[in-house]
file target.cif (mmCIF, C-alpha atoms)
data_protein
loop_
_atom_site.label_atom_id
_atom_site.label_comp_id
_atom_site.auth_asym_id
_atom_site.auth_seq_id
_atom_site.Cartn_x
_atom_site.Cartn_y
_atom_site.Cartn_z
CA MET A 950 -36.44 77.84 7.46
CA GLY A 951 -34.73 80.26 9.83
CA GLU A 952 -31.27 80.91 8.42
CA VAL A 953 -31.41 77.91 6.10
CA PRO A 954 -32.89 78.73 2.65
CA VAL A 955 -34.78 75.94 0.91
CA ARG A 956 -35.16 76.37 -2.83
CA ALA A 957 -38.15 74.22 -3.72
CA LEU A 958 -37.89 75.05 -7.44
CA GLN A 959 -35.00 76.41 -9.46
CA GLU A 960 -34.87 77.67 -13.05
CA ILE A 961 -38.18 76.07 -13.97
CA SER A 962 -39.46 76.96 -17.45
CA MET A 963 -42.35 75.17 -19.14
CA THR A 964 -45.46 75.83 -21.22
CA MET A 965 -48.86 74.16 -20.96
CA LYS A 966 -50.95 73.76 -24.10
CA ARG A 967 -54.73 73.94 -24.23
CA ALA A 968 -56.47 70.58 -23.84
CA GLU A 969 -53.17 68.87 -23.03
CA PHE A 970 -52.70 65.99 -20.61
CA LEU A 971 -49.42 66.68 -18.84
CA VAL A 972 -47.84 64.42 -16.22
CA VAL A 973 -45.18 65.78 -13.87
CA VAL A 974 -43.14 62.94 -12.36
CA GLY A 975 -40.62 63.03 -9.56
CA PRO A 976 -39.68 61.58 -6.18
CA SER A 977 -40.85 62.99 -2.88
CA GLY A 978 -39.27 66.38 -2.25
CA SER A 979 -38.59 67.11 -5.91
CA GLY A 980 -40.89 70.18 -5.94
CA LYS A 981 -43.99 68.71 -7.59
CA THR A 982 -46.55 70.00 -5.08
CA THR A 983 -44.87 73.42 -4.90
CA LEU A 984 -45.12 73.65 -8.69
CA LEU A 985 -48.82 72.75 -8.57
CA ASN A 986 -49.51 75.30 -5.83
CA LEU A 987 -47.77 78.01 -7.86
CA LEU A 988 -49.71 77.18 -11.03
CA GLY A 989 -52.96 77.22 -9.04
CA GLY A 990 -52.29 80.60 -7.45
CA LEU A 991 -52.05 79.15 -3.94
CA ASP A 992 -48.40 80.19 -3.57
CA VAL A 993 -46.48 83.15 -4.97
CA PRO A 994 -43.04 82.67 -6.56
CA THR A 995 -40.15 84.66 -5.12
CA GLU A 996 -39.04 85.41 -8.67
CA GLY A 997 -40.09 84.71 -12.23
CA ARG A 998 -43.52 84.74 -13.87
CA ILE A 999 -46.55 82.49 -14.17
CA GLU A 1000 -48.77 83.39 -17.10
CA PHE A 1001 -52.31 82.20 -17.80
CA ASP A 1002 -53.91 83.25 -21.09
CA GLY A 1003 -51.19 85.85 -21.48
CA LYS A 1004 -51.73 87.40 -18.05
CA ASP A 1005 -49.08 87.31 -15.34
CA LEU A 1006 -50.47 86.03 -12.04
CA HIS A 1007 -47.92 88.19 -10.24
CA ASP A 1008 -49.82 91.28 -11.42
CA PHE A 1009 -53.15 90.06 -10.01
CA ASN A 1010 -54.53 91.75 -6.93
CA SER A 1011 -56.15 89.68 -4.19
CA ARG A 1012 -59.59 89.83 -5.82
CA GLU A 1013 -58.26 88.84 -9.26
CA LEU A 1014 -56.28 85.97 -7.79
CA THR A 1015 -59.37 84.69 -5.97
CA ALA A 1016 -61.34 84.88 -9.23
CA TYR A 1017 -58.58 82.95 -11.01
CA ARG A 1018 -58.73 80.14 -8.45
CA ARG A 1019 -62.53 80.20 -8.44
CA PHE A 1020 -63.27 80.18 -12.15
CA SER A 1021 -60.16 79.01 -13.99
CA VAL A 1022 -58.69 76.24 -11.86
CA GLY A 1023 -59.98 72.96 -10.47
CA PHE A 1024 -57.91 71.41 -7.67
CA VAL A 1025 -57.70 67.76 -6.71
CA PHE A 1026 -55.71 67.65 -3.49
CA GLN A 1027 -53.85 64.57 -2.30
CA PHE A 1028 -55.77 64.53 1.00
CA TYR A 1029 -59.25 65.17 -0.43
CA ASN A 1030 -60.30 68.04 1.93
CA LEU A 1031 -63.95 66.96 1.89
CA VAL A 1032 -66.43 68.41 4.38
CA PRO A 1033 -67.12 65.44 6.68
CA THR A 1034 -70.67 66.52 7.60
CA LEU A 1035 -71.81 66.71 3.97
CA THR A 1036 -72.68 63.90 1.58
CA ALA A 1037 -70.75 63.31 -1.63
CA GLU A 1038 -73.40 65.19 -3.60
CA GLU A 1039 -73.40 68.10 -1.15
CA ASN A 1040 -69.59 68.33 -1.23
CA VAL A 1041 -69.73 68.66 -5.01
CA ARG A 1042 -72.64 71.10 -4.89
CA ILE A 1043 -70.60 73.53 -2.79
CA ALA A 1044 -68.17 73.95 -5.68
CA ALA A 1045 -70.97 74.11 -8.25
CA GLU A 1046 -72.44 77.13 -6.45
CA LEU A 1047 -69.22 79.10 -7.00
CA VAL A 1048 -69.71 79.48 -10.75
CA GLU A 1049 -72.49 80.63 -13.10
CA ASP A 1050 -72.58 77.66 -15.47
CA PRO A 1051 -71.56 74.53 -13.56
CA MET A 1052 -71.84 70.95 -14.71
CA ASP A 1053 -74.83 69.11 -13.27
CA VAL A 1054 -73.73 67.78 -9.88
CA ARG A 1055 -74.95 64.27 -10.58
CA GLU A 1056 -73.20 64.27 -13.97
CA ALA A 1057 -69.95 65.16 -12.22
CA LEU A 1058 -70.39 62.21 -9.86
CA GLU A 1059 -71.31 59.94 -12.75
CA ARG A 1060 -68.12 60.91 -14.60
CA VAL A 1061 -66.12 59.44 -11.73
CA ASP A 1062 -68.40 56.39 -11.39
CA LEU A 1063 -69.72 57.47 -8.00
CA LEU A 1064 -73.35 58.33 -8.61
CA ASP A 1065 -74.48 55.39 -6.48
CA ARG A 1066 -72.63 56.91 -3.51
CA ALA A 1067 -74.14 60.38 -3.85
CA THR A 1068 -75.94 60.27 -0.47
CA HIS A 1069 -73.01 58.81 1.47
CA PHE A 1070 -70.82 60.79 3.85
CA PRO A 1071 -67.00 60.73 3.56
CA ALA A 1072 -66.68 58.47 6.61
CA GLN A 1073 -68.88 55.92 4.81
CA MET A 1074 -66.57 55.80 1.78
CA SER A 1075 -63.15 54.33 1.12
CA GLY A 1076 -60.14 56.56 0.52
CA GLY A 1077 -60.39 55.92 -3.20
CA GLU A 1078 -64.07 56.89 -3.26
CA GLN A 1079 -63.31 60.08 -1.36
CA GLN A 1080 -60.61 60.84 -3.92
CA ARG A 1081 -63.16 60.49 -6.71
CA VAL A 1082 -65.55 62.85 -4.89
CA ALA A 1083 -62.67 65.34 -4.83
CA VAL A 1084 -62.29 64.97 -8.60
CA ALA A 1085 -66.03 65.47 -9.13
CA ARG A 1086 -65.90 68.59 -6.97
CA ALA A 1087 -63.04 69.96 -9.05
CA ILE A 1088 -64.60 69.33 -12.47
CA VAL A 1089 -68.14 70.49 -11.65
CA LYS A 1090 -66.97 74.09 -12.19
CA ARG A 1091 -65.89 73.22 -15.76
CA PRO A 1092 -62.47 74.83 -15.22
CA PRO A 1093 -60.16 75.24 -18.20
CA LEU A 1094 -57.26 73.99 -16.02
CA LEU A 1095 -57.43 70.92 -13.78
CA LEU A 1096 -54.58 70.37 -11.30
CA CYS A 1097 -54.31 66.92 -9.69
CA ASP A 1098 -51.97 66.04 -6.83
CA GLU A 1099 -51.40 62.24 -6.80
CA PRO A 1100 -54.97 61.46 -7.99
CA THR A 1101 -54.27 57.71 -8.11
CA GLY A 1102 -52.19 57.55 -4.94
CA ALA A 1103 -54.98 56.11 -2.77
CA LEU A 1104 -56.32 53.78 -5.45
CA ASP A 1105 -55.59 50.18 -6.35
CA PHE A 1106 -54.23 49.69 -9.86
CA THR A 1107 -57.62 48.78 -11.37
CA THR A 1108 -59.38 51.84 -9.94
CA GLY A 1109 -56.30 53.94 -10.67
CA LYS A 1110 -56.51 53.08 -14.36
CA LEU A 1111 -60.20 53.98 -14.31
CA MET A 1112 -59.40 57.35 -12.72
CA LEU A 1113 -56.73 58.00 -15.33
CA ARG A 1114 -59.23 57.15 -18.07
CA ARG A 1115 -61.76 59.59 -16.58
CA LEU A 1116 -59.19 62.40 -16.50
CA ILE A 1117 -58.28 61.81 -20.15
CA ASP A 1118 -61.98 61.73 -21.06
CA LEU A 1119 -62.39 65.14 -19.39
CA ARG A 1120 -59.59 66.46 -21.58
CA ASP A 1121 -61.26 65.01 -24.67
CA ASP A 1122 -64.91 65.82 -23.85
CA LEU A 1123 -64.57 69.23 -22.19
CA GLY A 1124 -61.25 70.50 -23.52
CA MET A 1125 -59.72 70.80 -20.07
CA SER A 1126 -55.97 71.14 -19.73
CA VAL A 1127 -55.00 68.53 -17.13
CA ILE A 1128 -51.82 68.45 -15.06
CA VAL A 1129 -51.19 65.38 -12.93
CA ILE A 1130 -48.28 65.25 -10.51
CA THR A 1131 -47.20 61.84 -9.32
CA HIS A 1132 -44.29 59.74 -8.11
CA ASN A 1133 -45.64 56.84 -10.21
CA SER A 1134 -43.68 56.87 -13.48
CA ALA A 1135 -46.13 54.45 -15.11
CA LEU A 1136 -48.73 57.22 -15.41
CA ALA A 1137 -46.39 59.08 -17.75
CA GLU A 1138 -47.10 56.51 -20.45
CA ALA A 1139 -50.64 57.91 -20.85
CA ALA A 1140 -49.56 61.56 -21.05
CA ASP A 1141 -49.35 63.85 -24.06
CA ARG A 1142 -46.23 65.29 -22.48
CA VAL A 1143 -44.03 64.33 -19.52
CA VAL A 1144 -41.97 66.58 -17.26
CA ARG A 1145 -39.55 64.96 -14.79
CA LEU A 1146 -38.43 66.86 -11.71
CA ARG A 1147 -35.50 66.19 -9.44
CA SER A 1148 -34.29 68.44 -6.62
CA GLY A 1149 -36.47 71.30 -7.83
CA ARG A 1150 -35.26 71.23 -11.43
CA ILE A 1151 -36.62 69.89 -14.69
CA VAL A 1152 -34.28 67.07 -15.69
CA GLU A 1153 -36.30 65.79 -18.64
CA GLU A 1154 -39.22 66.92 -20.80
CA HIS A 1155 -40.63 65.07 -23.78
CA GLU A 1156 -43.80 64.51 -25.77
CA ASN A 1157 -45.43 61.12 -26.19
CA ARG A 1158 -46.22 60.64 -29.86
CA THR A 1159 -48.38 57.62 -29.04
CA PRO A 1160 -49.68 57.82 -25.46
CA LYS A 1161 -50.81 54.47 -24.09
CA PRO A 1162 -54.46 53.90 -23.19
CA PRO A 1163 -54.69 53.72 -19.37
CA GLU A 1164 -56.10 50.22 -19.71
CA ASP A 1165 -52.76 49.02 -21.17
CA ILE A 1166 -50.52 50.52 -18.50
CA VAL A 1167 -48.91 48.25 -15.94
CA TRP A 1168 -47.88 49.52 -12.51
#
call {"tool": "encode", "arguments": {"input": "target.cif", "output": "structure tokens"}}
result
Amino acid sequence: MGEVPVRALQEISMTMKRAEFLVVVGPSGSGKTTLLNLLGGLDVPTEGRIEFDGKDLHDFNSRELTAYRRFSVGFVFQFYNLVPTLTAEENVRIAAELVEDPMDVREALERVDLLDRATHFPAQMSGGEQQRVAVARAIVKRPPLLLCDEPTGALDFTTGKLMLRRLIDLRDDLGMSVIVITHNSALAEAADRVVRLRSGRIVEEHENRTPKPPEDIVW
């Protein structure tokens, strides 16, 4: 920012396991979204490495990086980014057309309990429903890595628990590795592993030996 350097992340080191449900917790400004953007290939680190299946993203050319984002990563953004002139089903279909072997579009909507809203436009849906369309759009590609930015932020606690359950089911049913970033510490109780960020640094990392079912979490 001009002459003032802002270090969003510092000395971050972590490993993601296959088919793991990882929750990254931290207050606003702790670096959570920057970390997600780096892991998804949307941003490039000024130093260090990000490896996926043993390959360093820093070595990827523009075409390889696009392919990584297209085939290997599913994004669920905090602000949905739906196309307003397309129905829920059409928004999901756009992503399905990017890959050779997508999930059935209606199955993707059914997995987020939104099949009955398939023909509705974003303006005809609540914020929580739009969020679930965004999840369906991300998973329809069957990506090995699913990155979620505050996926329960726009949801009431009942719908939020349902969303958390659906994300864990995706891990179990499809073997997706799921990373959820959130300011809501309660979500950490359902995680296989928890990483806590503060001021761009990891201040705590631990595994949950007995993750709680989302239905039992109170927030």
call {"tool": "resolve_selection", "arguments": {"input": "target.cif", "expression": "the PyMOL selection byres ((chain A and resi 980) around 12)", "output": "JSON, numbers by chain"}}
result
{"A": [955, 956, 957, 958, 959, 960, 961, 973, 974, 975, 976, 977, 978, 979, 981, 982, 983, 984, 985, 986, 987, 1098, 1130, 1131, 1132, 1144, 1145, 1146, 1147, 1148, 1149, 1150, 1151]}
call {"tool": "resolve_selection", "arguments": {"input": "target.cif", "expression": "the PyMOL selection byres ((chain A and resi 1155) around 9)", "output": "list in words"}}
result
Asp1141, Arg1142, Val1143, Val1144, Glu1153, Glu1154, Glu1156 and Asn1157 of chain A
call {"tool": "atom_distance", "arguments": {"input": "target.cif", "atom1": "CA of Asp1008 in chain A", "atom2": "CA of Leu1047 in chain A"}}
result
23.3 Å
call {"tool": "resolve_selection", "arguments": {"input": "target.cif", "expression": "the PyMOL selection byres ((chain A and resi 1045) around 12)", "output": "ChimeraX atom specification"}}
result
/A:1019-1020,1023,1038-1044,1046-1057,1085-1092
call {"tool": "atom_distance", "arguments": {"input": "target.cif", "atom1": "CA of Leu1111 in chain A", "atom2": "CA of Thr964 in chain A"}}
result
27.2 Å
call {"tool": "atom_distance", "arguments": {"input": "target.cif", "atom1": "CA of Met963 in chain A", "atom2": "CA of Leu1014 in chain A"}}
result
21.0 Å
call {"tool": "residues_around", "arguments": {"input": "target.cif", "residues": "Pro1093 in chain A", "least_positions_apart": "6", "cutoff": "8 Å", "atoms": "only C-alpha atoms", "output": "list in words"}}
result
Ser1021, Val1022, Gly1124, Met1125 and Ser1126 of chain A
call {"tool": "closest_residue", "arguments": {"input": "target.cif", "among": "A:Ile1128, A:Ala1135, A:Leu1035, A:Val1025", "to": "Gly1109 in chain A", "atoms": "only C-alpha atoms"}}
result
A:Ala1135
call {"tool": "residues_around", "arguments": {"input": "target.cif", "residues": "Leu1136 in chain A", "least_positions_apart": "6", "cutoff": "8 Å", "atoms": "only C-alpha atoms", "output": "list in words"}}
result
Val972, Pro1163 and Ile1166 of chain A
call {"tool": "decode", "arguments": {"input": "target.cif", "residues": "range 1126-1146 of chain A", "atoms": "C-alpha atoms", "output": "mmCIF file, in the first residue's frame"}}
result
data_model
loop_
_atom_site.group_PDB
_atom_site.id
_atom_site.type_symbol
_atom_site.label_atom_id
_atom_site.label_comp_id
_atom_site.auth_asym_id
_atom_site.auth_seq_id
_atom_site.Cartn_x
_atom_site.Cartn_y
_atom_site.Cartn_z
ATOM 1 C CA SER A 1126 -10.423 -32.502 0.785
ATOM 2 C CA VAL A 1127 -12.400 -29.607 2.267
ATOM 3 C CA ILE A 1128 -11.003 -26.392 3.731
ATOM 4 C CA VAL A 1129 -13.431 -24.051 5.455
ATOM 5 C CA ILE A 1130 -12.315 -20.634 6.647
ATOM 6 C CA THR A 1131 -14.491 -18.929 9.214
ATOM 7 C CA HIS A 1132 -14.552 -16.512 12.133
ATOM 8 C CA ASN A 1133 -17.036 -18.840 13.876
ATOM 9 C CA SER A 1134 -15.000 -20.987 16.282
ATOM 10 C CA ALA A 1135 -17.925 -23.371 16.819
ATOM 11 C CA LEU A 1136 -17.393 -24.867 13.351
ATOM 12 C CA ALA A 1137 -13.980 -26.096 14.478
ATOM 13 C CA GLU A 1138 -15.675 -28.722 16.641
ATOM 14 C CA ALA A 1139 -16.717 -30.628 13.490
ATOM 15 C CA ALA A 1140 -13.279 -30.544 11.862
ATOM 16 C CA ASP A 1141 -10.708 -33.297 11.510
ATOM 17 C CA ARG A 1142 -8.086 -30.626 12.091
ATOM 18 C CA VAL A 1143 -8.168 -26.978 13.173
ATOM 19 C CA VAL A 1144 -5.765 -24.172 12.275
ATOM 20 C CA ARG A 1145 -6.089 -20.844 14.108
ATOM 21 C CA LEU A 1146 -4.728 -17.676 12.537
#
